[in-house]
$ cat model-v2.txt   # compact mmCIF, C-alpha atoms and all ligand atoms
# COMPACT_ATOMS: atom_id res chain seq x y z
CA MET A 1 98.21 112.22 124.56
CA ASN A 2 100.54 112.53 121.55
CA MET A 3 99.35 111.58 118.06
CA LYS A 4 101.16 108.22 117.94
CA ASN A 5 99.56 107.12 121.21
CA GLU A 6 96.14 108.39 120.21
CA LEU A 7 96.26 106.44 116.94
CA LEU A 8 97.49 103.31 118.73
CA LYS A 9 94.63 103.61 121.22
CA SER A 10 92.10 103.90 118.38
CA ALA A 11 93.66 100.95 116.53
CA ILE A 12 93.39 98.78 119.67
CA GLU A 13 89.77 99.83 120.17
CA PHE A 14 88.87 99.10 116.51
CA ALA A 15 90.73 95.75 116.51
CA LYS A 16 88.85 94.66 119.65
CA GLU A 17 85.54 95.72 118.16
CA ALA A 18 86.25 93.79 114.94
CA GLY A 19 87.39 90.85 117.09
CA GLN A 20 84.09 90.86 118.96
CA LEU A 21 82.22 90.77 115.64
CA ILE A 22 84.37 87.84 114.45
CA ARG A 23 83.76 85.97 117.72
CA LYS A 24 80.02 86.51 117.41
CA ASN A 25 80.07 85.12 113.86
CA ILE A 26 82.44 82.24 114.50
CA HIS A 27 79.87 79.72 113.21
CA GLN A 28 78.99 81.76 110.09
CA THR A 29 81.54 80.08 107.88
CA ASN A 30 79.08 78.79 105.29
CA ASN A 31 79.43 81.73 102.93
CA ILE A 32 82.91 80.96 101.57
CA LYS A 33 84.23 82.23 98.23
CA GLN A 34 87.39 81.21 96.38
CA LYS A 35 89.76 83.93 95.24
CA LEU A 36 92.86 82.60 93.39
CA ASN A 37 92.28 78.90 94.07
CA HIS A 38 90.77 76.41 96.53
CA ALA A 39 93.38 77.45 99.12
CA ASP A 40 92.73 81.19 98.82
CA LEU A 41 89.39 81.93 100.46
CA VAL A 42 87.28 84.77 101.77
CA THR A 43 84.20 84.60 104.00
CA GLU A 44 81.43 87.04 104.76
CA VAL A 45 83.02 87.56 108.17
CA ASP A 46 86.30 88.81 106.61
CA GLN A 47 84.16 91.36 104.74
CA LEU A 48 82.11 92.32 107.81
CA SER A 49 85.24 92.83 109.88
CA GLU A 50 86.78 94.93 107.11
CA ALA A 51 83.62 97.04 106.70
CA LEU A 52 83.52 97.76 110.42
CA LEU A 53 87.18 98.79 110.51
CA ARG A 54 86.88 100.99 107.43
CA GLU A 55 83.76 102.66 108.80
CA ARG A 56 85.39 103.42 112.18
CA ILE A 57 88.53 104.85 110.55
CA LYS A 58 86.60 106.92 108.01
CA THR A 59 84.39 108.39 110.74
CA MET A 60 87.18 109.23 113.16
CA TYR A 61 89.99 110.04 110.69
CA PRO A 62 88.37 111.13 107.41
CA ASP A 63 91.68 112.38 105.97
CA HIS A 64 93.54 109.09 106.40
CA TRP A 65 93.97 106.58 103.57
CA ILE A 66 93.17 102.85 104.02
CA LEU A 67 94.67 99.76 102.36
CA SER A 68 92.86 96.54 103.26
CA GLU A 69 92.87 93.03 101.82
CA GLU A 70 89.33 92.44 100.64
CA ALA A 71 88.62 95.96 99.36
CA ASN A 72 92.02 96.45 97.70
CA GLY A 73 92.86 92.83 96.86
CA GLN A 74 92.28 93.27 93.12
CA ALA A 75 94.66 96.20 92.79
CA ASN A 76 98.44 95.83 93.20
CA PRO A 77 98.97 96.54 96.92
CA PHE A 78 102.75 96.96 96.46
CA GLU A 79 102.18 99.78 93.97
CA ILE A 80 99.63 101.38 96.30
CA ILE A 81 102.09 101.28 99.23
CA LYS A 82 104.88 102.73 97.05
CA GLN A 83 102.66 105.65 96.07
CA LYS A 84 101.42 106.39 99.60
CA LYS A 85 104.48 108.16 100.95
CA ILE A 86 102.59 111.19 102.25
CA GLY A 87 99.93 111.42 104.96
CA ILE A 88 98.64 108.87 107.44
CA GLY A 89 97.31 105.49 106.36
CA TRP A 90 95.92 102.29 107.84
CA VAL A 91 97.07 98.93 106.46
CA ILE A 92 94.54 96.30 107.46
CA ASP A 93 94.01 92.58 107.41
CA PRO A 94 90.44 92.06 108.71
CA ILE A 95 91.14 88.37 109.40
CA ASP A 96 94.70 87.14 109.01
CA GLY A 97 94.42 83.35 108.98
CA THR A 98 91.14 82.92 107.10
CA THR A 99 91.78 79.19 106.53
CA ASN A 100 92.23 78.69 110.28
CA PHE A 101 89.04 80.71 110.87
CA ILE A 102 87.06 78.55 108.41
CA HIS A 103 88.35 75.33 110.00
CA ARG A 104 87.79 76.74 113.52
CA ILE A 105 91.46 76.50 114.42
CA PRO A 106 91.63 79.25 117.05
CA HIS A 107 94.66 80.95 115.53
CA PHE A 108 93.83 84.05 113.49
CA ALA A 109 93.95 87.77 114.09
CA VAL A 110 92.86 91.26 113.17
CA SER A 111 95.98 93.11 112.04
CA ILE A 112 96.26 96.91 111.82
CA GLY A 113 99.39 98.84 110.92
CA ILE A 114 99.51 102.64 110.81
CA VAL A 115 101.90 104.43 108.45
CA LYS A 116 102.86 108.11 108.52
CA ASP A 117 104.73 109.60 105.56
CA GLY A 118 105.87 106.14 104.51
CA GLU A 119 107.01 104.99 107.98
CA LEU A 120 105.26 102.57 110.33
CA ILE A 121 104.29 104.35 113.54
CA ALA A 122 101.88 101.91 115.23
CA GLY A 123 100.79 98.29 114.99
CA VAL A 124 98.15 96.08 116.59
CA VAL A 125 97.58 92.33 116.20
CA TYR A 126 94.61 90.88 118.07
CA ASN A 127 93.53 87.24 118.34
CA PRO A 128 89.87 87.51 119.38
CA ILE A 129 89.61 83.89 120.49
CA ASN A 130 92.13 83.92 123.30
CA ASN A 131 92.26 87.71 123.72
CA ASP A 132 95.96 87.89 122.82
CA LEU A 133 96.74 91.53 122.09
CA TYR A 134 100.12 92.57 120.68
CA TYR A 135 100.89 96.23 120.01
CA ALA A 136 103.64 98.77 119.54
CA ALA A 137 104.17 102.45 118.81
CA LYS A 138 107.42 103.48 117.15
CA GLY A 139 110.15 104.09 119.73
CA LYS A 140 107.97 102.96 122.66
CA GLY A 141 108.64 99.20 122.78
CA ALA A 142 106.34 96.27 122.10
CA PHE A 143 103.68 94.82 124.39
CA TYR A 144 101.66 91.66 124.89
CA ASN A 145 98.50 92.70 126.74
CA GLU A 146 100.05 95.01 129.38
CA THR A 147 103.48 93.38 129.46
CA PRO A 148 106.58 94.54 127.53
CA ILE A 149 107.95 91.82 125.25
CA GLN A 150 111.36 90.97 123.81
CA VAL A 151 112.75 88.52 121.30
CA SER A 152 114.35 85.24 122.43
CA ASN A 153 118.07 84.89 123.06
CA GLU A 154 119.00 81.74 121.08
CA THR A 155 122.23 82.35 119.22
CA GLU A 156 122.55 79.04 117.38
CA ILE A 157 120.37 77.89 114.49
CA GLU A 158 120.33 74.39 116.09
CA GLU A 159 118.26 75.86 118.96
CA ALA A 160 115.89 77.77 116.69
CA VAL A 161 112.20 76.98 116.21
CA LEU A 162 111.19 78.66 112.96
CA ALA A 163 107.90 79.23 111.15
CA THR A 164 106.87 79.81 107.57
CA GLY A 165 103.80 79.63 105.35
CA TYR A 166 102.69 79.01 101.80
CA PRO A 167 102.16 82.02 99.55
CA SER A 168 98.62 81.60 98.09
CA LYS A 169 100.06 81.42 94.57
CA GLU A 170 102.56 78.71 95.51
CA TRP A 171 100.27 76.00 96.84
CA LYS A 172 101.93 73.28 94.79
CA GLU A 173 104.73 70.69 94.78
CA ASN A 174 108.34 71.81 94.50
CA SER A 175 107.48 75.38 95.41
CA THR A 176 110.23 77.62 96.83
CA VAL A 177 108.98 77.15 100.38
CA VAL A 178 109.16 73.35 100.08
CA LYS A 179 112.81 73.64 98.98
CA GLN A 180 113.52 76.08 101.82
CA ILE A 181 111.96 73.76 104.40
CA ASP A 182 114.14 70.99 103.00
CA ALA A 183 117.26 73.18 103.29
CA LEU A 184 116.50 73.95 106.95
CA THR A 185 115.41 70.45 107.95
CA GLY A 186 117.90 68.92 110.35
CA LYS A 187 119.68 72.27 110.78
CA CYS A 188 117.23 74.10 113.06
CA ARG A 189 115.28 72.55 115.96
CA SER A 190 111.92 72.50 114.20
CA ILE A 191 109.65 74.27 111.71
CA ARG A 192 106.02 75.30 112.19
CA LEU A 193 103.34 76.35 109.67
CA LEU A 194 100.80 78.11 111.87
CA GLY A 195 98.73 79.89 109.21
CA ALA A 196 98.61 83.52 110.36
CA SER A 197 101.67 85.58 109.43
CA SER A 198 100.81 88.55 111.64
CA LEU A 199 100.81 86.23 114.67
CA ASP A 200 104.01 84.53 113.49
CA LEU A 201 105.77 87.90 113.60
CA CYS A 202 104.34 88.55 117.08
CA TYR A 203 105.50 85.11 118.23
CA VAL A 204 109.04 86.04 117.20
CA ALA A 205 108.58 89.36 119.05
CA LYS A 206 107.48 87.51 122.19
CA GLY A 207 110.35 85.03 121.98
CA LEU A 208 108.12 82.00 121.28
CA LEU A 209 109.69 81.52 117.85
CA SER A 210 113.30 82.37 116.98
CA GLY A 211 112.49 83.21 113.39
CA PHE A 212 109.95 83.35 110.58
CA TRP A 213 110.29 83.59 106.81
CA HIS A 214 107.72 83.94 104.06
CA ASP A 215 107.68 84.94 100.39
CA GLU A 216 104.98 86.99 98.67
CA LEU A 217 103.24 88.33 101.74
CA ASN A 218 101.07 91.38 101.22
CA PRO A 219 101.50 94.66 103.14
CA TRP A 220 98.40 93.90 105.28
CA ASP A 221 99.99 90.61 106.46
CA THR A 222 103.20 92.29 107.61
CA ALA A 223 102.60 95.96 108.55
CA ALA A 224 101.56 95.58 112.20
CA GLY A 225 103.75 92.58 113.05
CA LEU A 226 106.79 94.21 111.50
CA LEU A 227 106.71 97.20 113.84
CA ILE A 228 105.87 95.01 116.85
CA LEU A 229 108.83 92.75 116.10
CA ARG A 230 111.26 95.62 115.51
CA GLU A 231 110.14 97.28 118.75
CA ALA A 232 110.77 93.96 120.56
CA GLY A 233 114.38 93.96 119.34
CA GLY A 234 113.99 91.71 116.31
CA LYS A 235 115.47 91.98 112.84
CA VAL A 236 113.49 91.89 109.59
CA THR A 237 115.17 91.80 106.18
CA THR A 238 114.60 90.59 102.66
CA ARG A 239 116.17 87.27 101.66
CA CYS A 240 119.10 89.32 100.29
CA GLY A 241 119.70 90.77 103.76
CA GLN A 242 118.43 94.30 102.98
CA GLN A 243 116.16 96.04 105.47
CA PHE A 244 112.57 94.93 104.78
CA HIS A 245 110.01 97.45 103.47
CA LEU A 246 106.28 96.84 103.03
CA GLU A 247 106.69 96.62 99.25
CA ASP A 248 109.28 93.80 99.44
CA ARG A 249 108.40 90.27 98.29
CA THR A 250 110.66 88.18 100.54
CA LEU A 251 110.73 88.47 104.32
CA VAL A 252 113.12 86.95 106.85
CA ALA A 253 112.46 87.82 110.50
CA SER A 254 114.38 86.72 113.57
CA ASN A 255 115.61 87.52 117.05
CA GLY A 256 118.67 89.05 115.31
CA PHE A 257 121.21 86.60 116.78
CA ILE A 258 120.50 83.76 114.34
CA HIS A 259 119.83 86.03 111.38
CA ASP A 260 123.02 85.47 109.37
CA SER A 261 122.95 81.66 109.65
CA PHE A 262 119.21 81.69 108.90
CA LEU A 263 119.76 83.75 105.72
CA LYS A 264 122.60 81.51 104.58
CA LEU A 265 120.44 78.40 104.85
CA LEU A 266 117.57 80.03 102.94
CA LYS A 267 119.74 80.96 99.94
C1 LIG B 1 97.46 84.31 104.94
C2 LIG B 1 98.20 84.06 106.23
C3 LIG B 1 99.14 82.88 106.11
C4 LIG B 1 100.07 83.01 104.93
C5 LIG B 1 99.29 83.24 103.65
C6 LIG B 1 98.43 84.49 103.81
P1 LIG B 1 95.01 85.41 105.00
O1 LIG B 1 96.64 85.46 105.07
O2 LIG B 1 98.94 85.19 106.65
O3 LIG B 1 99.92 82.75 107.27
O4 LIG B 1 100.85 81.84 104.82
O5 LIG B 1 100.16 83.37 102.56
O6 LIG B 1 97.73 84.73 102.62
O7 LIG B 1 94.69 85.19 103.56
O8 LIG B 1 94.54 84.34 105.88
O9 LIG B 1 94.66 86.78 105.44
CA CA B 2 93.30 86.09 102.20
CA CA B 3 96.71 87.80 105.70
CA CA B 4 92.97 88.19 105.44
$ encode --input "model-v2.txt" --output "structure tokens" --more "lines below"
Ligand code: IPD
Ligand code: CA
Ligand code: CA
Ligand code: CA
Amino acid sequence: MNMKNELLKSAIEFAKEAGQLIRKNIHQTNNIKQKLNHADLVTEVDQLSEALLRERIKTMYPDHWILSEEANGQANPFEIIKQKKIGIGWVIDPIDGTTNFIHRIPHFAVSIGIVKDGELIAGVVYNPINNDLYYAAKGKGAFYNETPIQVSNETEIEEAVLATGYPSKEWKENSTVVKQIDALTGKCRSIRLLGASSLDLCYVAKGLLSGFWHDELNPWDTAAGLLILREAGGKVTTRCGQQFHLEDRTLVASNGFIHDSFLKLLK
């Protein structure tokens, strides 16, 4: 087994193990702490999932670096990612969609991206409630469970179902996302706010959504989904149309065909 495949296999195993722990603790949502505000929360289960993942990685790959939301949330994750251009690292969201988790909306995931010398080489997104597993290794295509996946083929923005989300800092009136939703309203077919960015990217990869945009995501929200979407034939840029990197603050993802019209409407 080559290194990329071995790491992907480990990431799938760790994500499933963390998923099992989350499932077991699905009713343990009483220990909730606020981070930035009343819309930015963390539970004990986020921390348990993160501790399990960090422990598994440290034991099996002691030389690898790890960037994960709850342990590294205080530091500037964009600076950390910029500095980590050498070696192999794991970029982890122990529960992406914490608000959904707290409200028992069965739409959240464990997200694990693996970076080698500054390049994404593997990604896994796992929803432990319905057992949806998305994964990809660089150059090997993207998969949903055992099945290869591809982006949708809509070419017109009128046919596009898009998704977005609120950056934690922007949970207020007249925020950029509210203006963007307004600009797209009536132009695309519909807009969804599903609450777990890693899964949004996988939904574009699987052709369920035609596009997704979001400002101010952190590297742990995007790492795994980004590779999965690119391997499924999708396009991911900044709002200026440049290729998206983990340290970028604006993200526009699509099936590729609608990308230009999508970007125009977001400007
Ligand atoms: C959140 C989700 C959500 C996005 C938020 C993120 P978390 O991550 O990805 O979709 O809109 O901005 O913070 O906090 O649930 O891991
Ligand atoms: Ca969070
Ligand atoms: Ca997240
Ligand atoms: Ca999280």
$ residues_near_ligand --input "model-v2.txt" --ligand "ligand LIG 1 (chain B)" --cutoff "7 Å" --atoms "only C-alpha atoms and all ligand atoms" --output "list in words"
Asp40, Leu41, Asp93, Ile95, Asp96, Gly97, Thr98, Thr99, Thr164, Gly165, Tyr166, Pro167, Ser168, Leu194, Gly195, Ala196, Ser197, Ser198, Leu217 and Asp221 of chain A
$ residues_around --input "model-v2.txt" --residues "Ala11 in chain A" --least-positions-apart "3" --cutoff "10 Å" --atoms "only C-alpha atoms" --output "PyMOL selection string"
chain A and resi 5-8+14-17+53+56-57+90+111-114+122-125+135
$ residues_around --input "model-v2.txt" --residues "Ile258 in chain A" --least-positions-apart "2" --cutoff "6 Å" --atoms "all atoms listed in the file" --output "PyMOL selection string"
chain A and resi 155-157+256+260-262
$ residues_around --input "model-v2.txt" --residues "Leu48 in chain A" --least-positions-apart "3" --cutoff "9 Å" --atoms "all atoms listed in the file" --output "list in words"
Ala18, Leu21, Ile22, Thr43, Glu44, Val45, Ala51, Leu52, Leu53 and Pro94 of chain A
$ closest_residue --input "model-v2.txt" --among "A:His64, A:Arg192, A:Lys116, A:Lys235" --to "Phe257 in chain A" --atoms "only C-alpha atoms"
A:Lys235
$ residues_around --input "model-v2.txt" --residues "Gly141 in chain A" --least-positions-apart "6" --cutoff "9 Å" --atoms "only C-alpha atoms" --output "PyMOL selection string"
chain A and resi 135+148-150+228+230-233
$ atom_distance --input "model-v2.txt" --atom1 "CA of His245 in chain A" --atom2 "CA of Val115 in chain A"
11.8 Å
$ atom_distance --input "model-v2.txt" --atom1 "CA of Gln34 in chain A" --atom2 "CA of Pro128 in chain A"
24.0 Å
$ closest_residue --input "model-v2.txt" --among "A:Glu69, A:Asp63, A:Glu173, A:Glu50" --to "ligand CA 4 (chain B)" --atoms "all atoms listed in the file"
A:Glu69
$ closest_residue --input "model-v2.txt" --among "A:Lys140, A:Lys4, A:Lys24, A:His214" --to "ligand CA 3 (chain B)" --atoms "all atoms listed in the file"
A:His214
$ closest_residue --input "model-v2.txt" --among "A:Trp220, A:Leu67, A:Lys169, A:His38" --to "ligand CA 4 (chain B)" --atoms "all atoms listed in the file"
A:Trp220
$ residues_around --input "model-v2.txt" --residues "Val252 in chain A" --least-positions-apart "6" --cutoff "6 Å" --atoms "only C-alpha atoms" --output "list in words"
Trp213, Val236, Thr237 and Thr238 of chain A
$ atom_distance --input "model-v2.txt" --atom1 "CA of Thr185 in chain A" --atom2 "CA of Ser210 in chain A"
15.1 Å
$ closest_residue --input "model-v2.txt" --among "A:Gln20, A:Thr250, A:Asn255, A:Thr147" --to "Leu208 in chain A" --atoms "all atoms listed in the file"
A:Asn255
$ closest_residue --input "model-v2.txt" --among "A:Asp215, A:Glu79, A:Asp200, A:Asp248" --to "Asn127 in chain A" --atoms "all atoms listed in the file"
A:Asp200
